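**Student:** Next up, query27.pdb (PDB, C-alpha atoms).
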ATOM      1  CA  MET A 244      -9.198   4.431  -3.387
ATOM      2  CA  ALA A 245      -5.584   5.472  -3.465
ATOM      3  CA  ILE A 246      -2.645   5.146  -1.100
ATOM      4  CA  GLU A 247      -1.231   8.645  -0.852
ATOM      5  CA  LEU A 248       1.509   7.405   1.474
ATOM      6  CA  ALA A 249       2.870   5.156  -1.275
ATOM      7  CA  ILE A 250       2.881   8.086  -3.687
ATOM      8  CA  ALA A 251       4.761  10.283  -1.222
ATOM      9  CA  LEU A 252       7.370   7.640  -0.372
ATOM     10  CA  GLY A 253       7.877   6.956  -4.066
ATOM     11  CA  ALA A 254       8.483  10.639  -4.719
ATOM     12  CA  LEU A 255      11.387  10.588  -2.258
ATOM     13  CA  VAL A 256      13.428   8.580  -4.757
ATOM     14  CA  ALA A 257      13.976  11.849  -6.596
ATOM     15  CA  ARG A 258      16.050  13.028  -3.611
ATOM     16  CA  THR A 259      19.754  12.467  -4.112
ATOM     17  CA  ALA A 260      20.381  10.582  -0.868
ATOM     18  CA  VAL A 261      17.464   8.194  -1.402
ATOM     19  CA  ALA A 262      18.485   7.600  -5.011
ATOM     20  CA  GLN A 263      21.996   6.752  -3.814
ATOM     21  CA  LEU A 264      20.572   4.320  -1.275
ATOM     22  CA  VAL A 265      18.496   2.563  -3.944
ATOM     23  CA  ALA A 266      21.523   2.449  -6.248
ATOM     24  CA  GLY A 267      23.577   0.774  -3.529
ATOM     25  CA  GLN A 268      26.010   3.644  -3.107
ATOM     26  CA  ALA A 269      27.711   4.334   0.212
ATOM     27  CA  MET A 270      26.413   7.287   2.227
ATOM     28  CA  ASP A 271      27.563   8.989   5.385
ATOM     29  CA  ASN A 272      25.241   9.884   8.254
ATOM     30  CA  ALA A 273      25.229  13.568   7.342
ATOM     31  CA  ALA A 274      24.012  12.801   3.826
ATOM     32  CA  TRP A 275      21.159  10.686   5.147
ATOM     33  CA  ALA A 276      20.030  13.130   7.843
ATOM     34  CA  GLY A 277      18.153  15.348   5.400
ATOM     35  CA  ALA A 278      16.493  12.406   3.670
ATOM     36  CA  ALA A 279      15.482  10.908   7.016
ATOM     37  CA  SER A 280      13.751  14.144   7.987
ATOM     38  CA  GLN A 281      11.785  14.003   4.733
ATOM     39  CA  VAL A 282      10.708  10.443   5.527
ATOM     40  CA  VAL A 283       9.413  11.748   8.865
ATOM     41  CA  ASP A 284       7.457  14.481   7.085
ATOM     42  CA  VAL A 285       5.839  11.930   4.770
ATOM     43  CA  LEU A 286       4.873   9.545   7.572
ATOM     44  CA  VAL A 287       3.435  12.299   9.742
ATOM     45  CA  THR A 288       1.573  14.421   7.205
ATOM     46  CA  THR A 289       0.096  11.876   4.790
ATOM     47  CA  ALA A 290      -3.583  11.285   5.494
ATOM     48  CA  THR A 291      -4.565   7.713   6.272
ATOM     49  CA  ARG A 292      -8.265   7.884   7.050
ATOM     50  CA  GLN A 293     -10.346   5.802   4.679
ATOM     51  CA  GLU A 294     -14.038   5.198   4.382
ATOM     52  CA  SER A 295     -15.232   2.150   6.292
ATOM     53  CA  GLY A 296     -17.478   0.883   3.488
ATOM     54  CA  LEU A 297     -19.687  -0.965   5.981
ATOM     55  CA  GLN A 298     -23.147  -1.933   4.861
ATOM     56  CA  GLN A 299     -26.210  -0.655   6.705
ATOM     57  CA  LEU A 300     -28.049  -3.347   8.660
ATOM     58  CA  GLY A 301     -31.678  -4.246   9.030
ATOM     59  CA  GLN A 302     -33.150  -2.350   6.089
ATOM     60  CA  GLY A 303     -36.902  -2.705   5.815
ATOM     61  CA  PHE A 304     -37.614  -2.264   9.543
ATOM     62  CA  GLU A 305     -39.304   0.850  10.865
ATOM     63  CA  VAL A 306     -38.196   2.627  14.054
ATOM     64  CA  LEU A 307     -36.798  -0.501  15.728
ATOM     65  CA  GLY A 308     -34.966  -1.441  12.567
ATOM     66  CA  ARG A 309     -33.300   1.965  12.358
ATOM     67  CA  LYS A 310     -32.158   1.662  15.973
ATOM     68  CA  ILE A 311     -30.684  -1.762  15.238
ATOM     69  CA  ASP A 312     -28.911  -0.301  12.222
ATOM     70  CA  ALA A 313     -27.400   2.495  14.294
ATOM     71  CA  VAL A 314     -26.163   0.165  17.020
ATOM     72  CA  GLY A 315     -24.858  -2.343  14.497
ATOM     73  CA  LYS A 316     -22.947   0.319  12.639
ATOM     74  CA  GLN A 317     -21.364   1.586  15.846
ATOM     75  CA  VAL A 318     -20.217  -1.923  16.712
ATOM     76  CA  GLY A 319     -19.041  -2.580  13.163
ATOM     77  CA  ASP A 320     -17.037   0.645  13.093
ATOM     78  CA  ILE A 321     -14.982  -0.316  16.186
ATOM     79  CA  PRO A 322     -12.247  -2.202  14.278
ATOM     80  CA  GLY A 323     -11.956   0.657  11.796
ATOM     81  CA  ARG A 324     -11.543   3.154  14.624
ATOM     82  CA  GLU A 325      -8.968   0.933  16.302
ATOM     83  CA  PHE A 326      -7.025   0.767  13.039
ATOM     84  CA  GLU A 327      -7.000   4.557  12.805
ATOM     85  CA  GLU A 328      -5.945   4.870  16.451
ATOM     86  CA  TYR A 329      -2.934   2.598  15.983
ATOM     87  CA  MET A 330      -1.940   4.429  12.813
ATOM     88  CA  ALA A 331      -2.246   7.746  14.676
ATOM     89  CA  ALA A 332      -0.169   6.371  17.565
ATOM     90  CA  GLY A 333       2.558   5.373  15.125
ATOM     91  CA  ARG A 334       2.587   8.836  13.603
ATOM     92  CA  ARG A 335       2.812  10.333  17.086
ATOM     93  CA  TYR A 336       6.039   8.443  17.775
ATOM     94  CA  VAL A 337       7.419   9.535  14.407
ATOM     95  CA  ARG A 338       6.784  13.207  15.237
ATOM     96  CA  ASP A 339       9.316  12.976  18.080
ATOM     97  CA  LEU A 340      12.163  11.799  15.848
ATOM     98  CA  PRO A 341      13.471  15.196  14.621
ATOM     99  CA  ASP A 342      14.024  16.729  18.089
ATOM    100  CA  THR A 343      17.653  17.836  18.178
ATOM    101  CA  TRP A 344      18.300  16.780  21.780
ATOM    102  CA  ARG A 345      17.580  13.106  21.117
ATOM    103  CA  SER A 346      20.372  10.554  20.948
ATOM    104  CA  ALA A 347      20.686   7.989  18.165
ATOM    105  CA  ARG A 348      19.546   5.353  20.657
ATOM    106  CA  ASP A 349      16.424   7.390  21.514
ATOM    107  CA  ARG A 350      15.545   7.667  17.834
ATOM    108  CA  ARG A 351      16.008   3.961  17.229
ATOM    109  CA  GLY A 352      13.622   3.272  20.095
ATOM    110  CA  LEU A 353      11.056   5.718  18.724
ATOM    111  CA  ILE A 354      11.073   4.261  15.223
ATOM    112  CA  GLN A 355      10.709   0.772  16.693
ATOM    113  CA  ASP A 356       7.727   1.960  18.736
ATOM    114  CA  ALA A 357       6.190   3.572  15.655
ATOM    115  CA  ARG A 358       6.676   0.424  13.615
ATOM    116  CA  ARG A 359       5.065  -1.627  16.395
ATOM    117  CA  GLU A 360       1.941   0.563  16.267
ATOM    118  CA  PHE A 361       1.732   0.208  12.489
ATOM    119  CA  VAL A 362       2.106  -3.572  12.885
ATOM    120  CA  HIS A 363      -0.822  -3.557  15.331
ATOM    121  CA  ALA A 364      -2.826  -1.606  12.747
ATOM    122  CA  TYR A 365      -1.941  -4.226  10.144
ATOM    123  CA  GLY A 366      -3.202  -6.990  12.442
ATOM    124  CA  ILE A 367      -6.546  -5.241  12.831
ATOM    125  CA  ALA A 368      -6.809  -4.723   9.070
ATOM    126  CA  GLU A 369      -6.062  -8.397   8.453
ATOM    127  CA  HIS A 370      -8.769  -9.383  10.946
ATOM    128  CA  MET A 371     -11.159  -7.000   9.171
ATOM    129  CA  ARG A 372     -10.185  -8.593   5.844
ATOM    130  CA  SER A 373      -9.489  -5.125   4.512
ATOM    131  CA  PRO A 374      -6.780  -5.380   1.829
ATOM    132  CA  HIS A 375      -6.541  -1.611   1.424
ATOM    133  CA  ARG A 376      -5.897  -1.050   5.125
ATOM    134  CA  GLN A 377      -3.403  -3.925   5.204
ATOM    135  CA  ALA A 378      -1.484  -2.391   2.312
ATOM    136  CA  LEU A 379      -1.616   1.054   3.909
ATOM    137  CA  ALA A 380      -0.175  -0.271   7.176
ATOM    138  CA  ASP A 381       2.541  -2.164   5.293
ATOM    139  CA  VAL A 382       3.546   1.000   3.426
ATOM    140  CA  ALA A 383       3.787   2.866   6.747
ATOM    141  CA  ILE A 384       5.993   0.066   8.108
ATOM    142  CA  ALA A 385       8.135   0.378   4.989
ATOM    143  CA  GLY A 386       8.493   4.088   5.741
ATOM    144  CA  CYS A 387       9.908   3.205   9.155
ATOM    145  CA  TRP A 388      12.430   0.875   7.517
ATOM    146  CA  LEU A 389      13.353   3.607   5.038
ATOM    147  CA  TRP A 390      14.115   5.944   7.926
ATOM    148  CA  VAL A 391      16.562   3.379   9.415
ATOM    149  CA  PRO A 392      17.571   2.967   6.475
ATOM    150  CA  SER A 393      17.218  -0.725   5.595
ATOM    151  CA  LEU A 394      16.520  -1.121   1.893
ATOM    152  CA  PRO A 395      16.007  -4.926   2.014
ATOM    153  CA  ASP A 396      13.244  -4.439   4.607
ATOM    154  CA  VAL A 397      11.701  -1.629   2.555
ATOM    155  CA  ARG A 398      11.544  -3.888  -0.491
ATOM    156  CA  LYS A 399      10.200  -6.827   1.497
ATOM    157  CA  THR A 400       7.411  -4.763   3.075
ATOM    158  CA  ILE A 401       6.254  -2.893  -0.022
ATOM    159  CA  GLY A 402       6.338  -6.225  -1.843
ATOM    160  CA  ALA A 403       3.957  -7.616   0.766
ATOM    161  CA  ALA A 404       1.613  -4.643   0.228
ATOM    162  CA  ARG A 405       1.749  -5.229  -3.520
ATOM    163  CA  GLN A 406       0.896  -8.916  -3.167
ATOM    164  CA  ILE A 407      -2.068  -8.159  -0.910
ATOM    165  CA  LEU A 408      -3.545  -5.782  -3.478
ATOM    166  CA  GLU A 409      -2.708  -8.119  -6.376
ATOM    167  CA  THR A 410      -4.686 -10.909  -4.748
ATOM    168  CA  GLU A 411      -7.641  -8.602  -4.188
ATOM    169  CA  LEU A 412      -7.380  -7.222  -7.711
ATOM    170  CA  LEU A 413      -7.439 -10.665  -9.304
ATOM    171  CA  ARG A 414      -9.671 -12.654  -6.971
ATOM    172  CA  GLY A 415     -11.299 -10.350  -4.426
ATOM    173  CA  SER A 416     -14.664  -8.674  -4.143
ATOM    174  CA  THR A 417     -13.317  -5.189  -4.922
ATOM    175  CA  LEU A 418     -11.106  -3.624  -7.577
ATOM    176  CA  PRO A 419      -8.359  -1.631  -5.780
ATOM    177  CA  THR A 420      -6.853  -0.680  -9.145
ATOM    178  CA  LYS A 421      -5.691   2.819  -8.206
ATOM    179  CA  SER A 422      -4.206   1.712  -4.892
ATOM    180  CA  TYR A 423      -2.437  -1.145  -6.642
ATOM    181  CA  ALA A 424      -1.032   1.237  -9.251
ATOM    182  CA  ASP A 425       0.272   3.523  -6.471
ATOM    183  CA  VAL A 426       1.987   0.655  -4.654
ATOM    184  CA  LEU A 427       3.360  -0.793  -7.900
ATOM    185  CA  ASP A 428       4.927   2.587  -8.706
ATOM    186  CA  LEU A 429       6.512   2.561  -5.249
ATOM    187  CA  CYS A 430       7.831  -0.975  -5.809
ATOM    188  CA  ARG A 431       9.399  -0.001  -9.115
ATOM    189  CA  SER A 432      10.973   3.095  -7.561
ATOM    190  CA  TYR A 433      12.794   1.049  -4.920
ATOM    191  CA  GLY A 434      13.712  -1.858  -7.184
ATOM    192  CA  GLU A 435      11.265  -4.366  -5.706
ATOM    193  CA  GLN A 436       9.674  -4.797  -9.153
ATOM    194  CA  PRO A 437      11.299  -4.506 -12.582
ATOM    195  CA  ARG A 438      10.670  -1.566 -14.873
ATOM    196  CA  THR A 439       8.768  -3.908 -17.201
ATOM    197  CA  ALA A 440       6.010  -4.128 -14.573
ATOM    198  CA  VAL A 441       3.216  -1.943 -15.937
ATOM    199  CA  ASP A 442       0.364  -0.086 -14.267
ATOM    200  CA  PRO A 443      -3.128  -1.443 -14.845
ATOM    201  CA  ILE A 444      -5.523   0.742 -16.789
ATOM    202  CA  LEU A 445      -7.702   2.561 -14.284
ATOM    203  CA  PRO A 446     -11.375   1.662 -14.716
ATOM    204  CA  ALA A 447     -14.210   4.134 -14.749
ATOM    205  CA  PRO A 448     -15.864   4.481 -11.318
ATOM    206  CA  GLY A 449     -17.827   1.347 -10.524
ATOM    207  CA  GLN A 450     -16.861  -0.413 -13.748
ATOM    208  CA  ALA A 451     -14.341  -2.996 -14.872
ATOM    209  CA  PRO A 452     -11.642  -1.612 -17.216
ATOM    210  CA  THR A 453     -13.073  -3.515 -20.194
ATOM    211  CA  PRO A 454     -16.143  -5.750 -20.540
ATOM    212  CA  PHE A 455     -15.722  -8.979 -18.538
ATOM    213  CA  ALA A 456     -12.190  -7.968 -17.453
ATOM    214  CA  ARG A 457     -10.864  -7.339 -13.960
ATOM    215  CA  LEU A 458      -7.486  -6.199 -15.229
ATOM    216  CA  ALA A 459      -6.337  -4.427 -18.380
ATOM    217  CA  VAL A 460      -2.885  -3.182 -19.373
ATOM    218  CA  ARG A 461      -1.219  -1.406 -22.292
ATOM    219  CA  ALA A 462       1.658  -3.315 -23.868
ATOM    220  CA  PRO A 463       3.784  -2.768 -26.986
ATOM    221  CA  TYR A 464       3.623  -5.464 -29.655
ATOM    222  CA  GLY A 465       6.142  -8.258 -29.240
ATOM    223  CA  SER A 466       7.287  -7.257 -25.748
ATOM    224  CA  TRP A 467       6.670  -9.013 -22.452
ATOM    225  CA  VAL A 468       5.161  -6.916 -19.683
ATOM    226  CA  THR A 469       4.163  -7.916 -16.156
ATOM    227  CA  CYS A 470       1.141  -6.817 -14.149
ATOM    228  CA  ALA A 471      -0.245  -8.369 -10.958
ATOM    229  CA  GLY A 472       2.079 -11.328 -11.346
ATOM    230  CA  ILE A 473       0.871 -12.112 -14.867
ATOM    231  CA  ASP A 474       3.266 -11.940 -17.835
ATOM    232  CA  VAL A 475       1.666 -10.827 -21.094
ATOM    233  CA  ARG A 476       2.888 -10.452 -24.673
ATOM    234  CA  ILE A 477       0.815  -9.267 -27.624
ATOM    235  CA  ASP A 478       2.034 -10.634 -30.962
ATOM    236  CA  ALA A 479      -0.878  -9.727 -33.212
ATOM    237  CA  LEU A 480      -4.538  -8.856 -33.150
ATOM    238  CA  THR A 481      -7.021 -11.051 -34.973
ATOM    239  CA  ASP A 482     -10.765 -11.172 -35.310
ATOM    240  CA  ALA A 483     -10.841 -14.192 -33.045
ATOM    241  CA  VAL A 484     -10.855 -13.838 -29.282
ATOM    242  CA  ALA A 485      -7.490 -14.890 -27.881
ATOM    243  CA  GLU A 486      -7.481 -17.232 -24.911
ATOM    244  CA  PRO A 487      -4.724 -17.283 -22.277
ATOM    245  CA  ILE A 488      -2.454 -20.284 -22.023
ATOM    246  CA  PRO A 489      -2.891 -21.698 -18.480
ATOM    247  CA  ILE A 490       0.790 -21.498 -17.519
ATOM    248  CA  SER A 491       2.857 -19.004 -15.542
ATOM    249  CA  ARG A 492       3.522 -16.820 -18.613
ATOM    250  CA  GLN A 493       0.224 -16.069 -20.300
ATOM    251  CA  HIS A 494       0.555 -15.541 -24.058
ATOM    252  CA  TRP A 495      -2.077 -13.364 -25.703
TER     253      TRP A 495
END
Mind turning the file's structure into structure tokens?
**Tutor:**
Amino acid sequence: MAIELAIALGALVARTAVAQLVAGQAMDNAAWAGAASQVVDVLVTTATRQESGLQQLGQGFEVLGRKIDAVGKQVGDIPGREFEEYMAAGRRYVRDLPDTWRSARDRRGLIQDARREFVHAYGIAEHMRSPHRQALADVAIAGCWLWVPSLPDVRKTIGAARQILETELLRGSTLPTKSYADVLDLCRSYGEQPRTAVDPILPAPGQAPTPFARLAVRAPYGSWVTCAGIDVRIDALTDAVAEPIPISRQHW
């Protein structure tokens, strides 16, 4: 899975006005107007629908079993549909932002309404225990804060999305490696994470990146790098298998 919304918001840093915002430079309203319209485009056009991943129920039954499966899947899909509906509602509010006849007050109200819908979507995703959906909703909320613009809120929200995926990557039942890499790129772009934070190596479909590993990174010799909250430095390679030191900075 990937979070295309994170990729699109990260790409906006290449725009002059957004780069100035991240750098802490002063901007006038006219300079931000064009960037704000691009934020709207990203929030409205980026696809958010994801596969539900629900398991089929009652395998091994004949006709009655198949009926139970169908009903169970319909019931199980309800939270996923509700998540999509709230995300769609948020995008609907965002689509009204560019209208030229709207006042600044109208637009502030619309972005607040959009953010509220994305927050509702997050709540559903949390109840579903779906880290990917939680991160997706958080990135959409961050997009609303970018439109404002409020860089501290952007960093706080994308940091929350990163932490959700980090926890799943290290301890969860799935490996959201690509989604985590997308969000980590976004965090680096907006200064929420340092440039020394590295992307994990993407595993082959259905496989861990290396035997017995949930997480693998590339790092130059003698340099500290950070990935998923773990600091790593490679000093030398030996024939023996290196074991991590059980402290905050793991030394390999």
**Student:** Place a sphere of radius 8 Å on (18.4, 7.2, 4.6) in the file coordinates and name every protein, DNA or RNA residue with an atom inside or on its surface, counting only C-alpha atoms; give the answer as a VMD selection string.
**Tutor:** chain A and resid 260 to 261 264 274 to 276 278 to 279 389 to 392
**Student:** Can you measure atom CA of A:Arg457 to atom CA of A:Thr469 for me? One decimal in Å is fine.
**Tutor:** 15.2 Å
**Student:** Expanded to explicit residues, what is the PyMOL selection byres ((chain A and resi 408-421) around 10) for this file, as an MDAnalysis selection string?
**Tutor:** chainID A and resid 244:246 373:375 377:378 403:407 422:427 442:446 449:452 456:459 470:472
**Student:** With a distance cut-off of 9 Å and all atoms listed in the file, select the neighbouring residues of A:Val362, excluding the residue or stretch itself and same-chain residues fewer than 5 positions from it, and output the selection as a list in words.
**Tutor:**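 Neighbouring residues, sequence-local ones excluded: Tyr329, Met330, Ala357, Ile367, Ala380, Asp381 and Ile384 of chain A.
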**Student:** Mind pulling up the distance from atom CA of A:Met270 to atom CA of A:Arg334?
**Tutor:**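 Atom CA of A:Met270 lies at a distance of 26.4 Å from atom CA of A:Arg334.
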**Student:** Would you compute the distance between atom CA of A:Gln268 and atom CA of A:Leu353? Give it in Å to one decimal.
**Tutor:**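 So the answer is 26.5 Å.
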**Student:** Residues picked by the PyMOL selection byres ((chain A and resi 288) around 10) here, as a compact mmCIF listing (two decimals) with C-alpha atoms, in the coordinates of the input?
**Tutor:**
# COMPACT_ATOMS: atom_id res chain seq x y z
CA LEU A 248 1.51 7.40 1.47
CA ALA A 251 4.76 10.28 -1.22
CA VAL A 283 9.41 11.75 8.86
CA ASP A 284 7.46 14.48 7.08
CA VAL A 285 5.84 11.93 4.77
CA LEU A 286 4.87 9.54 7.57
CA VAL A 287 3.44 12.30 9.74
CA THR A 289 0.10 11.88 4.79
CA ALA A 290 -3.58 11.28 5.49
CA THR A 291 -4.57 7.71 6.27
CA ARG A 334 2.59 8.84 13.60
CA ARG A 338 6.78 13.21 15.24
**Student:** Could you tell me which residues the PyMOL selection byres ((chain A and resi 438) around 12) returns for this structure, as number ranges by chain?
**Tutor:** A: 427-437, 439-442, 467-470
**Student:** Identify which of the residues A:Cys387, A:Ala262, A:Ala257, A:Ala332 lies closest to A:Val282, counting only C-alpha atoms when measuring atom-to-atom distances.
**Tutor:**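 So, comparing all the options, the nearest one is A:Cys387.
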**Student:** Measuring between only C-alpha atoms, which one of A:Arg350, A:Trp344, A:Leu252, A:Glu247 shows the shortest distance to A:Val397?
**Tutor:**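 Nearest candidate to A:Val397 out of A:Arg350, A:Trp344, A:Leu252, A:Glu247: A:Leu252.
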**Student:** Pick from A:Arg461, A:Asp271, A:Asp349, A:Thr259: nearest to A:Val475, with only C-alpha atoms counted?
**Tutor:**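 Using only C-alpha atoms, A:Val475 sits closest to A:Arg461.
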**Student:** From the list A:Gly465, A:Gly323, A:Ala269, A:Arg258, which residue is nearest A:Ala368 when using all atoms listed in the file?
**Tutor:**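 For A:Ala368, the nearest of the given residues is A:Gly323.
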